[in-house]
$ cat run-v3.txt   # compact mmCIF, N, CA and C atoms
# COMPACT_ATOMS: atom_id res chain seq x y z
N MET T 1 89.79 87.43 82.71
CA MET T 1 90.26 86.22 83.36
C MET T 1 89.13 85.19 83.36
N ALA T 2 89.49 83.93 83.40
CA ALA T 2 88.48 82.89 83.40
C ALA T 2 88.95 81.72 84.23
N HIS T 3 88.00 80.97 84.75
CA HIS T 3 88.31 79.72 85.41
C HIS T 3 88.81 78.75 84.35
N GLY T 4 89.40 77.63 84.77
CA GLY T 4 89.88 76.62 83.83
C GLY T 4 88.79 76.07 82.93
N ASP T 5 87.53 76.12 83.38
CA ASP T 5 86.45 75.58 82.56
C ASP T 5 85.88 76.62 81.60
N GLY T 6 86.50 77.80 81.54
CA GLY T 6 86.06 78.82 80.59
C GLY T 6 85.03 79.79 81.13
N THR T 7 84.53 79.57 82.35
CA THR T 7 83.56 80.52 82.90
C THR T 7 84.31 81.74 83.43
N PRO T 8 83.74 82.93 83.26
CA PRO T 8 84.44 84.13 83.71
C PRO T 8 84.53 84.19 85.24
N LEU T 9 85.63 84.74 85.71
CA LEU T 9 85.79 84.98 87.14
C LEU T 9 84.97 86.20 87.50
N SER T 10 84.24 86.14 88.57
CA SER T 10 83.51 87.32 89.00
C SER T 10 84.36 88.05 90.03
N LEU T 11 84.24 89.37 90.02
CA LEU T 11 84.96 90.16 91.01
C LEU T 11 84.30 89.96 92.36
N PRO T 12 85.07 89.98 93.45
CA PRO T 12 84.41 89.91 94.76
C PRO T 12 83.59 91.18 94.96
N VAL T 13 82.43 91.05 95.58
CA VAL T 13 81.57 92.21 95.79
C VAL T 13 81.96 92.99 97.04
N GLU T 14 82.73 92.38 97.92
CA GLU T 14 83.10 93.05 99.15
C GLU T 14 83.82 94.36 98.84
N GLY T 15 83.51 95.37 99.64
CA GLY T 15 84.16 96.66 99.46
C GLY T 15 83.19 97.80 99.69
N SER T 16 83.65 99.00 99.37
CA SER T 16 82.85 100.21 99.56
C SER T 16 82.40 100.76 98.22
N TYR T 17 81.16 101.23 98.20
CA TYR T 17 80.55 101.80 97.01
C TYR T 17 79.98 103.16 97.38
N VAL T 18 80.25 104.17 96.57
CA VAL T 18 79.82 105.54 96.85
C VAL T 18 78.78 105.97 95.82
N ALA T 19 77.72 106.63 96.28
CA ALA T 19 76.66 107.09 95.38
C ALA T 19 77.20 108.10 94.37
N THR T 20 76.85 107.87 93.11
CA THR T 20 77.24 108.80 92.05
C THR T 20 76.04 109.53 91.48
N THR T 21 74.89 108.83 91.36
CA THR T 21 73.68 109.49 90.86
C THR T 21 72.46 109.06 91.66
N LEU T 22 71.48 109.95 91.71
CA LEU T 22 70.17 109.71 92.31
C LEU T 22 69.15 110.06 91.25
N ASN T 23 68.40 109.07 90.80
CA ASN T 23 67.42 109.26 89.72
C ASN T 23 68.05 109.95 88.51
N GLY T 24 69.27 109.57 88.19
CA GLY T 24 69.94 110.08 87.00
C GLY T 24 70.64 111.42 87.17
N ARG T 25 70.55 112.02 88.36
CA ARG T 25 71.20 113.30 88.62
C ARG T 25 72.41 113.09 89.52
N ALA T 26 73.51 113.79 89.22
CA ALA T 26 74.74 113.64 89.99
C ALA T 26 74.51 114.01 91.45
N VAL T 27 75.10 113.23 92.35
CA VAL T 27 75.03 113.49 93.79
C VAL T 27 76.06 114.57 94.11
N PRO T 28 75.72 115.61 94.88
CA PRO T 28 74.47 115.80 95.61
C PRO T 28 73.30 116.08 94.67
N ALA T 29 72.14 115.54 95.05
CA ALA T 29 70.95 115.66 94.21
C ALA T 29 69.72 115.86 95.09
N ASP T 30 68.72 116.55 94.52
CA ASP T 30 67.48 116.85 95.24
C ASP T 30 66.33 115.98 94.75
N LEU T 31 65.43 115.69 95.68
CA LEU T 31 64.14 115.06 95.35
C LEU T 31 63.07 115.94 95.98
N ARG T 32 62.01 116.20 95.24
CA ARG T 32 60.87 116.96 95.76
C ARG T 32 59.66 116.05 95.76
N LEU T 33 59.09 115.85 96.94
CA LEU T 33 57.91 115.02 97.08
C LEU T 33 56.72 115.89 97.44
N PRO T 34 55.64 115.82 96.67
CA PRO T 34 54.45 116.62 97.01
C PRO T 34 53.95 116.27 98.40
N ALA T 35 53.56 117.28 99.15
CA ALA T 35 52.96 117.06 100.47
C ALA T 35 51.48 117.43 100.36
N THR T 36 51.02 118.38 101.14
CA THR T 36 49.61 118.78 101.07
C THR T 36 49.50 120.25 100.71
N ALA T 37 48.39 120.62 100.08
CA ALA T 37 48.05 122.02 99.78
C ALA T 37 49.19 122.77 99.08
N GLY T 38 49.91 122.10 98.18
CA GLY T 38 50.97 122.77 97.45
C GLY T 38 52.32 122.76 98.13
N ASP T 39 52.39 122.27 99.36
CA ASP T 39 53.66 122.13 100.06
C ASP T 39 54.43 120.95 99.45
N PHE T 40 55.74 120.91 99.70
CA PHE T 40 56.51 119.75 99.28
C PHE T 40 57.63 119.46 100.26
N ARG T 41 58.05 118.22 100.27
CA ARG T 41 59.20 117.81 101.08
C ARG T 41 60.41 117.79 100.17
N LEU T 42 61.46 118.46 100.61
CA LEU T 42 62.70 118.52 99.86
C LEU T 42 63.73 117.63 100.54
N PHE T 43 64.23 116.66 99.82
CA PHE T 43 65.31 115.80 100.29
C PHE T 43 66.53 116.09 99.42
N ARG T 44 67.66 116.31 100.03
CA ARG T 44 68.90 116.52 99.28
C ARG T 44 69.91 115.49 99.78
N LEU T 45 70.25 114.55 98.92
CA LEU T 45 71.24 113.55 99.27
C LEU T 45 72.62 114.13 99.01
N GLU T 46 73.41 114.24 100.07
CA GLU T 46 74.77 114.77 99.96
C GLU T 46 75.77 113.64 99.70
N GLN T 47 75.58 112.52 100.37
CA GLN T 47 76.54 111.42 100.25
C GLN T 47 75.89 110.12 100.71
N ALA T 48 76.24 109.04 100.05
CA ALA T 48 75.83 107.71 100.50
C ALA T 48 76.99 106.76 100.24
N VAL T 49 77.29 105.94 101.24
CA VAL T 49 78.37 104.96 101.12
C VAL T 49 77.82 103.62 101.58
N LEU T 50 77.95 102.62 100.74
CA LEU T 50 77.53 101.26 101.04
C LEU T 50 78.76 100.40 101.21
N ARG T 51 78.86 99.70 102.33
CA ARG T 51 79.98 98.80 102.59
C ARG T 51 79.45 97.37 102.67
N LEU T 52 79.98 96.50 101.83
CA LEU T 52 79.63 95.08 101.85
C LEU T 52 80.83 94.32 102.39
N ASP T 53 80.61 93.48 103.40
CA ASP T 53 81.74 92.70 103.92
C ASP T 53 81.66 91.25 103.46
N ALA T 54 82.73 90.53 103.67
CA ALA T 54 82.83 89.15 103.19
C ALA T 54 81.87 88.21 103.92
N GLY T 55 81.38 88.61 105.09
CA GLY T 55 80.49 87.76 105.87
C GLY T 55 79.01 87.92 105.54
N GLY T 56 78.69 88.68 104.48
CA GLY T 56 77.29 88.84 104.09
C GLY T 56 76.57 89.94 104.84
N ARG T 57 77.33 90.87 105.43
CA ARG T 57 76.72 91.99 106.15
C ARG T 57 76.98 93.28 105.39
N PHE T 58 76.07 94.25 105.56
CA PHE T 58 76.27 95.54 104.92
C PHE T 58 76.03 96.67 105.91
N THR T 59 76.63 97.81 105.61
CA THR T 59 76.36 99.07 106.30
C THR T 59 76.14 100.12 105.23
N LEU T 60 75.07 100.87 105.36
CA LEU T 60 74.77 101.96 104.44
C LEU T 60 74.73 103.23 105.26
N TYR T 61 75.60 104.18 104.91
CA TYR T 61 75.69 105.44 105.62
C TYR T 61 75.28 106.54 104.64
N PHE T 62 74.44 107.47 105.08
CA PHE T 62 74.08 108.56 104.19
C PHE T 62 73.93 109.87 104.95
N ARG T 63 74.29 110.95 104.24
CA ARG T 63 74.16 112.32 104.75
C ARG T 63 73.17 113.03 103.84
N TYR T 64 72.23 113.76 104.46
CA TYR T 64 71.18 114.37 103.67
C TYR T 64 70.58 115.58 104.39
N TYR T 65 69.84 116.36 103.66
CA TYR T 65 69.03 117.45 104.19
C TYR T 65 67.57 117.09 103.92
N HIS T 66 66.70 117.56 104.81
CA HIS T 66 65.28 117.28 104.65
C HIS T 66 64.50 118.44 105.25
N GLN T 67 63.49 118.91 104.52
CA GLN T 67 62.64 119.96 105.06
C GLN T 67 61.30 119.99 104.35
N LEU T 68 60.31 120.51 105.06
CA LEU T 68 59.01 120.77 104.48
C LEU T 68 59.03 122.21 103.98
N VAL T 69 58.74 122.40 102.70
CA VAL T 69 58.72 123.74 102.11
C VAL T 69 57.26 124.10 101.87
N ARG T 70 56.83 125.18 102.49
CA ARG T 70 55.43 125.61 102.37
C ARG T 70 55.18 126.22 100.99
N ARG T 71 53.95 126.11 100.56
CA ARG T 71 53.55 126.64 99.25
C ARG T 71 53.98 128.10 99.12
N GLY T 72 54.67 128.40 98.02
CA GLY T 72 55.12 129.77 97.75
C GLY T 72 56.41 130.16 98.45
N ALA T 73 56.87 129.33 99.38
CA ALA T 73 58.11 129.64 100.12
C ALA T 73 59.31 129.02 99.40
N ARG T 74 60.47 129.48 99.79
CA ARG T 74 61.71 128.93 99.25
C ARG T 74 62.37 128.04 100.30
N PRO T 75 63.12 127.04 99.86
CA PRO T 75 63.87 126.23 100.82
C PRO T 75 64.87 127.11 101.58
N VAL T 76 65.13 126.74 102.81
CA VAL T 76 66.10 127.45 103.64
C VAL T 76 67.23 126.50 104.01
N ALA T 77 68.32 127.04 104.46
CA ALA T 77 69.44 126.21 104.91
C ALA T 77 69.02 125.44 106.16
N THR T 78 69.30 124.16 106.18
CA THR T 78 68.99 123.32 107.33
C THR T 78 70.24 122.52 107.69
N PRO T 79 70.32 122.03 108.92
CA PRO T 79 71.49 121.22 109.29
C PRO T 79 71.52 119.91 108.51
N VAL T 80 72.71 119.43 108.26
CA VAL T 80 72.85 118.14 107.58
C VAL T 80 72.52 117.04 108.58
N LEU T 81 71.82 116.03 108.11
CA LEU T 81 71.45 114.88 108.93
C LEU T 81 72.26 113.68 108.45
N SER T 82 72.46 112.72 109.31
CA SER T 82 73.12 111.50 108.88
C SER T 82 72.44 110.31 109.53
N GLU T 83 72.40 109.24 108.79
CA GLU T 83 71.81 108.00 109.27
C GLU T 83 72.61 106.84 108.74
N SER T 84 72.42 105.71 109.36
CA SER T 84 73.03 104.50 108.83
C SER T 84 72.05 103.35 108.98
N GLU T 85 72.19 102.41 108.11
CA GLU T 85 71.42 101.17 108.13
C GLU T 85 72.43 100.04 108.11
N ALA T 86 72.12 98.97 108.79
CA ALA T 86 72.97 97.79 108.75
C ALA T 86 72.05 96.59 108.55
N GLY T 87 72.63 95.51 108.08
CA GLY T 87 71.84 94.31 107.87
C GLY T 87 72.65 93.27 107.13
N THR T 88 71.94 92.41 106.47
CA THR T 88 72.59 91.34 105.71
C THR T 88 72.29 91.50 104.23
N TYR T 89 73.15 90.90 103.42
CA TYR T 89 72.91 90.93 101.98
C TYR T 89 73.10 89.54 101.42
N SER T 90 72.45 89.32 100.29
CA SER T 90 72.66 88.07 99.55
C SER T 90 72.84 88.43 98.09
N LEU T 91 73.56 87.60 97.39
CA LEU T 91 73.85 87.82 95.99
C LEU T 91 73.53 86.56 95.23
N ARG T 92 72.72 86.72 94.20
CA ARG T 92 72.38 85.61 93.32
C ARG T 92 72.56 86.11 91.90
N THR T 93 73.49 85.54 91.18
CA THR T 93 73.89 86.01 89.85
C THR T 93 74.27 87.49 90.00
N ASN T 94 73.55 88.40 89.37
CA ASN T 94 73.88 89.83 89.53
C ASN T 94 72.82 90.56 90.35
N GLN T 95 71.98 89.82 91.07
CA GLN T 95 70.93 90.41 91.90
C GLN T 95 71.39 90.49 93.35
N LEU T 96 71.44 91.70 93.87
CA LEU T 96 71.87 91.95 95.24
C LEU T 96 70.63 92.32 96.06
N THR T 97 70.44 91.66 97.19
CA THR T 97 69.31 91.93 98.07
C THR T 97 69.84 92.37 99.42
N LEU T 98 69.47 93.58 99.85
CA LEU T 98 69.89 94.13 101.14
C LEU T 98 68.70 94.07 102.10
N VAL T 99 68.88 93.41 103.22
CA VAL T 99 67.81 93.27 104.22
C VAL T 99 68.24 93.99 105.50
N PRO T 100 67.70 95.20 105.74
CA PRO T 100 68.07 95.95 106.94
C PRO T 100 67.59 95.26 108.21
N VAL T 101 68.38 95.41 109.27
CA VAL T 101 68.00 94.92 110.59
C VAL T 101 66.96 95.89 111.15
N LYS T 102 65.94 95.36 111.80
CA LYS T 102 64.92 96.22 112.41
C LYS T 102 65.53 96.89 113.64
N LYS T 103 65.42 98.22 113.69
CA LYS T 103 65.93 98.97 114.84
C LYS T 103 64.89 98.95 115.94
N LYS T 104 65.37 98.84 117.17
CA LYS T 104 64.47 98.79 118.32
C LYS T 104 63.57 100.01 118.37
N GLY T 105 62.26 99.78 118.46
CA GLY T 105 61.29 100.85 118.55
C GLY T 105 60.95 101.52 117.22
N ALA T 106 61.53 101.04 116.13
CA ALA T 106 61.27 101.64 114.82
C ALA T 106 60.54 100.64 113.94
N ARG T 107 59.91 101.18 112.89
CA ARG T 107 59.27 100.30 111.91
C ARG T 107 60.35 99.58 111.12
N SER T 108 59.99 98.41 110.62
CA SER T 108 60.92 97.66 109.78
C SER T 108 61.18 98.44 108.51
N ARG T 109 62.41 98.45 108.07
CA ARG T 109 62.78 99.08 106.80
C ARG T 109 62.56 98.07 105.69
N PRO T 110 62.16 98.55 104.52
CA PRO T 110 61.94 97.62 103.41
C PRO T 110 63.25 97.05 102.87
N THR T 111 63.15 95.86 102.32
CA THR T 111 64.27 95.24 101.64
C THR T 111 64.61 96.07 100.41
N ILE T 112 65.89 96.20 100.12
CA ILE T 112 66.34 96.97 98.96
C ILE T 112 66.87 96.00 97.92
N MET T 113 66.31 96.09 96.73
CA MET T 113 66.74 95.26 95.62
C MET T 113 67.72 96.06 94.77
N ALA T 114 68.74 95.38 94.28
CA ALA T 114 69.76 96.05 93.47
C ALA T 114 70.33 95.09 92.45
N THR T 115 70.99 95.66 91.47
CA THR T 115 71.76 94.85 90.53
C THR T 115 73.21 95.27 90.66
N ILE T 116 74.10 94.33 90.42
CA ILE T 116 75.52 94.64 90.47
C ILE T 116 76.15 94.21 89.16
N SER T 117 76.95 95.10 88.62
CA SER T 117 77.62 94.84 87.36
C SER T 117 79.02 95.43 87.44
N GLY T 118 80.00 94.55 87.54
CA GLY T 118 81.39 95.01 87.64
C GLY T 118 81.59 95.84 88.90
N GLU T 119 81.92 97.09 88.71
CA GLU T 119 82.23 98.00 89.82
C GLU T 119 81.05 98.88 90.21
N GLN T 120 79.85 98.56 89.72
CA GLN T 120 78.70 99.43 89.93
C GLN T 120 77.50 98.67 90.50
N ILE T 121 76.82 99.33 91.44
CA ILE T 121 75.58 98.81 92.02
C ILE T 121 74.48 99.80 91.70
N LYS T 122 73.34 99.29 91.25
CA LYS T 122 72.16 100.12 90.98
C LYS T 122 71.06 99.62 91.91
N ALA T 123 70.70 100.46 92.89
CA ALA T 123 69.70 100.09 93.90
C ALA T 123 68.38 100.76 93.60
N PHE T 124 67.29 100.03 93.85
CA PHE T 124 65.94 100.51 93.57
C PHE T 124 65.11 100.42 94.84
N TYR T 125 64.42 101.51 95.18
CA TYR T 125 63.52 101.46 96.33
C TYR T 125 62.48 102.55 96.19
N VAL T 126 61.51 102.53 97.10
CA VAL T 126 60.43 103.51 97.09
C VAL T 126 60.55 104.35 98.35
N LEU T 127 60.61 105.66 98.16
CA LEU T 127 60.67 106.60 99.27
C LEU T 127 59.25 107.01 99.60
N GLN T 128 58.81 106.73 100.82
CA GLN T 128 57.43 107.03 101.25
C GLN T 128 57.38 108.35 101.98
N ASN T 129 56.36 109.14 101.70
CA ASN T 129 56.10 110.39 102.42
C ASN T 129 54.59 110.48 102.61
N GLY T 130 54.13 109.95 103.73
CA GLY T 130 52.69 109.92 103.96
C GLY T 130 52.03 109.06 102.89
N SER T 131 51.10 109.66 102.13
CA SER T 131 50.42 108.89 101.10
C SER T 131 51.12 108.98 99.74
N THR T 132 52.21 109.75 99.68
CA THR T 132 52.96 109.92 98.44
C THR T 132 54.18 109.01 98.43
N SER T 133 54.46 108.42 97.29
CA SER T 133 55.67 107.60 97.18
C SER T 133 56.42 107.98 95.91
N GLU T 134 57.72 107.82 95.95
CA GLU T 134 58.59 108.16 94.83
C GLU T 134 59.55 107.00 94.60
N ARG T 135 59.57 106.50 93.37
CA ARG T 135 60.53 105.45 93.02
C ARG T 135 61.89 106.10 92.88
N VAL T 136 62.88 105.49 93.50
CA VAL T 136 64.22 106.06 93.53
C VAL T 136 65.22 105.03 93.00
N THR T 137 66.14 105.51 92.16
CA THR T 137 67.24 104.68 91.68
C THR T 137 68.53 105.36 92.10
N LEU T 138 69.34 104.63 92.85
CA LEU T 138 70.61 105.13 93.34
C LEU T 138 71.72 104.30 92.71
N VAL T 139 72.65 104.97 92.02
CA VAL T 139 73.79 104.27 91.41
C VAL T 139 75.01 104.54 92.27
N LEU T 140 75.70 103.46 92.62
CA LEU T 140 76.90 103.55 93.45
C LEU T 140 78.07 102.90 92.71
N ALA T 141 79.25 103.48 92.86
CA ALA T 141 80.45 102.96 92.21
C ALA T 141 81.47 102.55 93.27
N ARG T 142 82.17 101.45 93.00
CA ARG T 142 83.20 100.98 93.95
C ARG T 142 84.22 102.09 94.16
N ASP T 143 84.60 102.28 95.43
CA ASP T 143 85.59 103.30 95.77
C ASP T 143 86.40 102.78 96.95
N ALA T 144 87.63 102.38 96.69
CA ALA T 144 88.49 101.79 97.72
C ALA T 144 88.97 102.81 98.75
N SER T 145 88.73 104.10 98.52
CA SER T 145 89.20 105.10 99.47
C SER T 145 88.30 105.23 100.71
N TYR T 146 87.16 104.54 100.71
CA TYR T 146 86.27 104.56 101.86
C TYR T 146 86.43 103.28 102.66
N TRP T 147 86.25 103.36 103.96
CA TRP T 147 86.41 102.25 104.88
C TRP T 147 86.15 100.98 104.19
$ encode --input "run-v3.txt" --output "structure tokens"
Amino acid sequence: MAHGDGTPLSLPVEGSYVATTLNGRAVPADLRLPATAGDFRLFRLEQAVLRLDAGGRFTLYFRYYHQLVRRGARPVATPVLSESEAGTYSLRTNQLTLVPVKKKGARSRPTIMATISGEQIKAFYVLQNGSTSERVTLVLARDASYW
């Protein structure tokens, strides 16, 4: 479809997007971050849902597991954790910027940069673990079955 002047119509970005891959691996997916003395932190993303509304606000909900695995030990079953982030977003061409609201008593969360193409969002951020950081790419696909 196109406008009368020949420019393509862009799809509205409002809606829900569900994580499909984390660093190229299908969700649920694991990340291992080195800790100290051979230990590592294991993060397992079970689910992430990003909701963009027409008013420029977003909500990001995610379910995950997290544990410190000691050198030579195996990961154990841990309870699933869930968190959410809310804030505002802006869109310029295909660049999506998510700015989380600072939670009372917590450190400010970093801005999340993403690209949007059709029905897919690719978000880029750095996961910090003490002095270790891991670049993370999360791909989300539009899914109308979520709020």
$ select_by_dssp --input "run-v3.txt" --residues "stretch 64-120 of chain T" --states "strand (DSSP E or B)" --output "mmCIF file with N, CA and C atoms, keeping the file's coordinate frame"
data_model
loop_
_atom_site.group_PDB
_atom_site.id
_atom_site.type_symbol
_atom_site.label_atom_id
_atom_site.label_comp_id
_atom_site.auth_asym_id
_atom_site.auth_seq_id
_atom_site.Cartn_x
_atom_site.Cartn_y
_atom_site.Cartn_z
ATOM 1 N N TYR T 64 72.230 113.760 104.460
ATOM 2 C CA TYR T 64 71.180 114.370 103.670
ATOM 3 C C TYR T 64 70.580 115.580 104.390
ATOM 4 N N TYR T 65 69.840 116.360 103.660
ATOM 5 C CA TYR T 65 69.030 117.450 104.190
ATOM 6 C C TYR T 65 67.570 117.090 103.920
ATOM 7 N N HIS T 66 66.700 117.560 104.810
ATOM 8 C CA HIS T 66 65.280 117.280 104.650
ATOM 9 C C HIS T 66 64.500 118.440 105.250
ATOM 10 N N GLN T 67 63.490 118.910 104.520
ATOM 11 C CA GLN T 67 62.640 119.960 105.060
ATOM 12 C C GLN T 67 61.300 119.990 104.350
ATOM 13 N N LEU T 68 60.310 120.510 105.060
ATOM 14 C CA LEU T 68 59.010 120.770 104.480
ATOM 15 C C LEU T 68 59.030 122.210 103.980
ATOM 16 N N VAL T 69 58.740 122.400 102.700
ATOM 17 C CA VAL T 69 58.720 123.740 102.110
ATOM 18 C C VAL T 69 57.260 124.100 101.870
ATOM 19 N N LEU T 81 71.820 116.030 108.110
ATOM 20 C CA LEU T 81 71.450 114.880 108.930
ATOM 21 C C LEU T 81 72.260 113.680 108.450
ATOM 22 N N SER T 82 72.460 112.720 109.310
ATOM 23 C CA SER T 82 73.120 111.500 108.880
ATOM 24 C C SER T 82 72.440 110.310 109.530
ATOM 25 N N GLU T 83 72.400 109.240 108.790
ATOM 26 C CA GLU T 83 71.810 108.000 109.270
ATOM 27 C C GLU T 83 72.610 106.840 108.740
ATOM 28 N N SER T 84 72.420 105.710 109.360
ATOM 29 C CA SER T 84 73.030 104.500 108.830
ATOM 30 C C SER T 84 72.050 103.350 108.980
ATOM 31 N N GLU T 85 72.190 102.410 108.110
ATOM 32 C CA GLU T 85 71.420 101.170 108.130
ATOM 33 C C GLU T 85 72.430 100.040 108.110
ATOM 34 N N ALA T 86 72.120 98.970 108.790
ATOM 35 C CA ALA T 86 72.970 97.790 108.750
ATOM 36 C C ALA T 86 72.050 96.590 108.550
ATOM 37 N N GLY T 87 72.630 95.510 108.080
ATOM 38 C CA GLY T 87 71.840 94.310 107.870
ATOM 39 C C GLY T 87 72.650 93.270 107.130
ATOM 40 N N THR T 88 71.940 92.410 106.470
ATOM 41 C CA THR T 88 72.590 91.340 105.710
ATOM 42 C C THR T 88 72.290 91.500 104.230
ATOM 43 N N TYR T 89 73.150 90.900 103.420
ATOM 44 C CA TYR T 89 72.910 90.930 101.980
ATOM 45 C C TYR T 89 73.100 89.540 101.420
ATOM 46 N N SER T 90 72.450 89.320 100.290
ATOM 47 C CA SER T 90 72.660 88.070 99.550
ATOM 48 C C SER T 90 72.840 88.430 98.090
ATOM 49 N N LEU T 91 73.560 87.600 97.390
ATOM 50 C CA LEU T 91 73.850 87.820 95.990
ATOM 51 C C LEU T 91 73.530 86.560 95.230
ATOM 52 N N ARG T 92 72.720 86.720 94.200
ATOM 53 C CA ARG T 92 72.380 85.610 93.320
ATOM 54 C C ARG T 92 72.560 86.110 91.900
ATOM 55 N N GLN T 95 71.980 89.820 91.070
ATOM 56 C CA GLN T 95 70.930 90.410 91.900
ATOM 57 C C GLN T 95 71.390 90.490 93.350
ATOM 58 N N LEU T 96 71.440 91.700 93.870
ATOM 59 C CA LEU T 96 71.870 91.950 95.240
ATOM 60 C C LEU T 96 70.630 92.320 96.060
ATOM 61 N N THR T 97 70.440 91.660 97.190
ATOM 62 C CA THR T 97 69.310 91.930 98.070
ATOM 63 C C THR T 97 69.840 92.370 99.420
ATOM 64 N N LEU T 98 69.470 93.580 99.850
ATOM 65 C CA LEU T 98 69.890 94.130 101.140
ATOM 66 C C LEU T 98 68.700 94.070 102.100
ATOM 67 N N VAL T 99 68.880 93.410 103.220
ATOM 68 C CA VAL T 99 67.810 93.270 104.220
ATOM 69 C C VAL T 99 68.240 93.990 105.500
ATOM 70 N N PRO T 100 67.700 95.200 105.740
ATOM 71 C CA PRO T 100 68.070 95.950 106.940
ATOM 72 C C PRO T 100 67.590 95.260 108.210
ATOM 73 N N ILE T 112 65.890 96.200 100.120
ATOM 74 C CA ILE T 112 66.340 96.970 98.960
ATOM 75 C C ILE T 112 66.870 96.000 97.920
ATOM 76 N N MET T 113 66.310 96.090 96.730
ATOM 77 C CA MET T 113 66.740 95.260 95.620
ATOM 78 C C MET T 113 67.720 96.060 94.770
ATOM 79 N N ALA T 114 68.740 95.380 94.280
ATOM 80 C CA ALA T 114 69.760 96.050 93.470
ATOM 81 C C ALA T 114 70.330 95.090 92.450
ATOM 82 N N THR T 115 70.990 95.660 91.470
ATOM 83 C CA THR T 115 71.760 94.850 90.530
ATOM 84 C C THR T 115 73.210 95.270 90.660
ATOM 85 N N ILE T 116 74.100 94.330 90.420
ATOM 86 C CA ILE T 116 75.520 94.640 90.470
ATOM 87 C C ILE T 116 76.150 94.210 89.160
ATOM 88 N N SER T 117 76.950 95.100 88.620
ATOM 89 C CA SER T 117 77.620 94.840 87.360
ATOM 90 C C SER T 117 79.020 95.430 87.440
ATOM 91 N N GLN T 120 79.850 98.560 89.720
ATOM 92 C CA GLN T 120 78.700 99.430 89.930
ATOM 93 C C GLN T 120 77.500 98.670 90.500
#
$ residues_around --input "run-v3.txt" --residues "T:Lys103" --least-positions-apart "2" --cutoff "12 Å" --atoms "only C-alpha atoms" --output "ChimeraX atom specification"
/T:84-87,100-101,105-109
$ residues_around --input "run-v3.txt" --residues "stretch 53-66 of chain T" --least-positions-apart "2" --cutoff "5 Å" --atoms "all atoms listed in the file" --output "number ranges by chain"
T: 14, 42-51, 68, 80-89
$ atom_distance --input "run-v3.txt" --atom1 "atom CA of T:Met113" --atom2 "atom CA of T:Ser16"
17.3 Å
$ atom_distance --input "run-v3.txt" --atom1 "atom CA of T:Ala19" --atom2 "atom N of T:Asp143"
9.3 Å
$ atom_distance --input "run-v3.txt" --atom1 "atom CA of T:Ala77" --atom2 "atom CA of T:Thr137"
25.4 Å
$ axis_aligned_box --input "run-v3.txt" --around "stretch 100-109 of chain T" --padding-each-side "5 Å" --output "JSON"
{"center_x": 63.8, "center_y": 98.3, "center_z": 112.1, "size_x": 19.1, "size_y": 16.7, "size_z": 22.9}
$ closest_residue --input "run-v3.txt" --among "T:Ala35, T:Val27, T:Val18, T:Ile112" --to "T:Ala144" --atoms "all atoms listed in the file"
T:Val18
$ residues_around --input "run-v3.txt" --residues "T:Ala114" --least-positions-apart "6" --cutoff "8 Å" --atoms "all atoms listed in the file" --output "NGL selection string"
:T and (94-98 or 121-125)
$ write_last_selection --input "run-v3.txt" --atoms "N, CA and C atoms" --output "mmCIF file, keeping the file's coordinate frame"
data_model
loop_
_atom_site.group_PDB
_atom_site.id
_atom_site.type_symbol
_atom_site.label_atom_id
_atom_site.label_comp_id
_atom_site.auth_asym_id
_atom_site.auth_seq_id
_atom_site.Cartn_x
_atom_site.Cartn_y
_atom_site.Cartn_z
ATOM 1 N N ASN T 94 73.550 88.400 89.370
ATOM 2 C CA ASN T 94 73.880 89.830 89.530
ATOM 3 C C ASN T 94 72.820 90.560 90.350
ATOM 4 N N GLN T 95 71.980 89.820 91.070
ATOM 5 C CA GLN T 95 70.930 90.410 91.900
ATOM 6 C C GLN T 95 71.390 90.490 93.350
ATOM 7 N N LEU T 96 71.440 91.700 93.870
ATOM 8 C CA LEU T 96 71.870 91.950 95.240
ATOM 9 C C LEU T 96 70.630 92.320 96.060
ATOM 10 N N THR T 97 70.440 91.660 97.190
ATOM 11 C CA THR T 97 69.310 91.930 98.070
ATOM 12 C C THR T 97 69.840 92.370 99.420
ATOM 13 N N LEU T 98 69.470 93.580 99.850
ATOM 14 C CA LEU T 98 69.890 94.130 101.140
ATOM 15 C C LEU T 98 68.700 94.070 102.100
ATOM 16 N N ILE T 121 76.820 99.330 91.440
ATOM 17 C CA ILE T 121 75.580 98.810 92.020
ATOM 18 C C ILE T 121 74.480 99.800 91.700
ATOM 19 N N LYS T 122 73.340 99.290 91.250
ATOM 20 C CA LYS T 122 72.160 100.120 90.980
ATOM 21 C C LYS T 122 71.060 99.620 91.910
ATOM 22 N N ALA T 123 70.700 100.460 92.890
ATOM 23 C CA ALA T 123 69.700 100.090 93.900
ATOM 24 C C ALA T 123 68.380 100.760 93.600
ATOM 25 N N PHE T 124 67.290 100.030 93.850
ATOM 26 C CA PHE T 124 65.940 100.510 93.570
ATOM 27 C C PHE T 124 65.110 100.420 94.840
ATOM 28 N N TYR T 125 64.420 101.510 95.180
ATOM 29 C CA TYR T 125 63.520 101.460 96.330
ATOM 30 C C TYR T 125 62.480 102.550 96.190
#
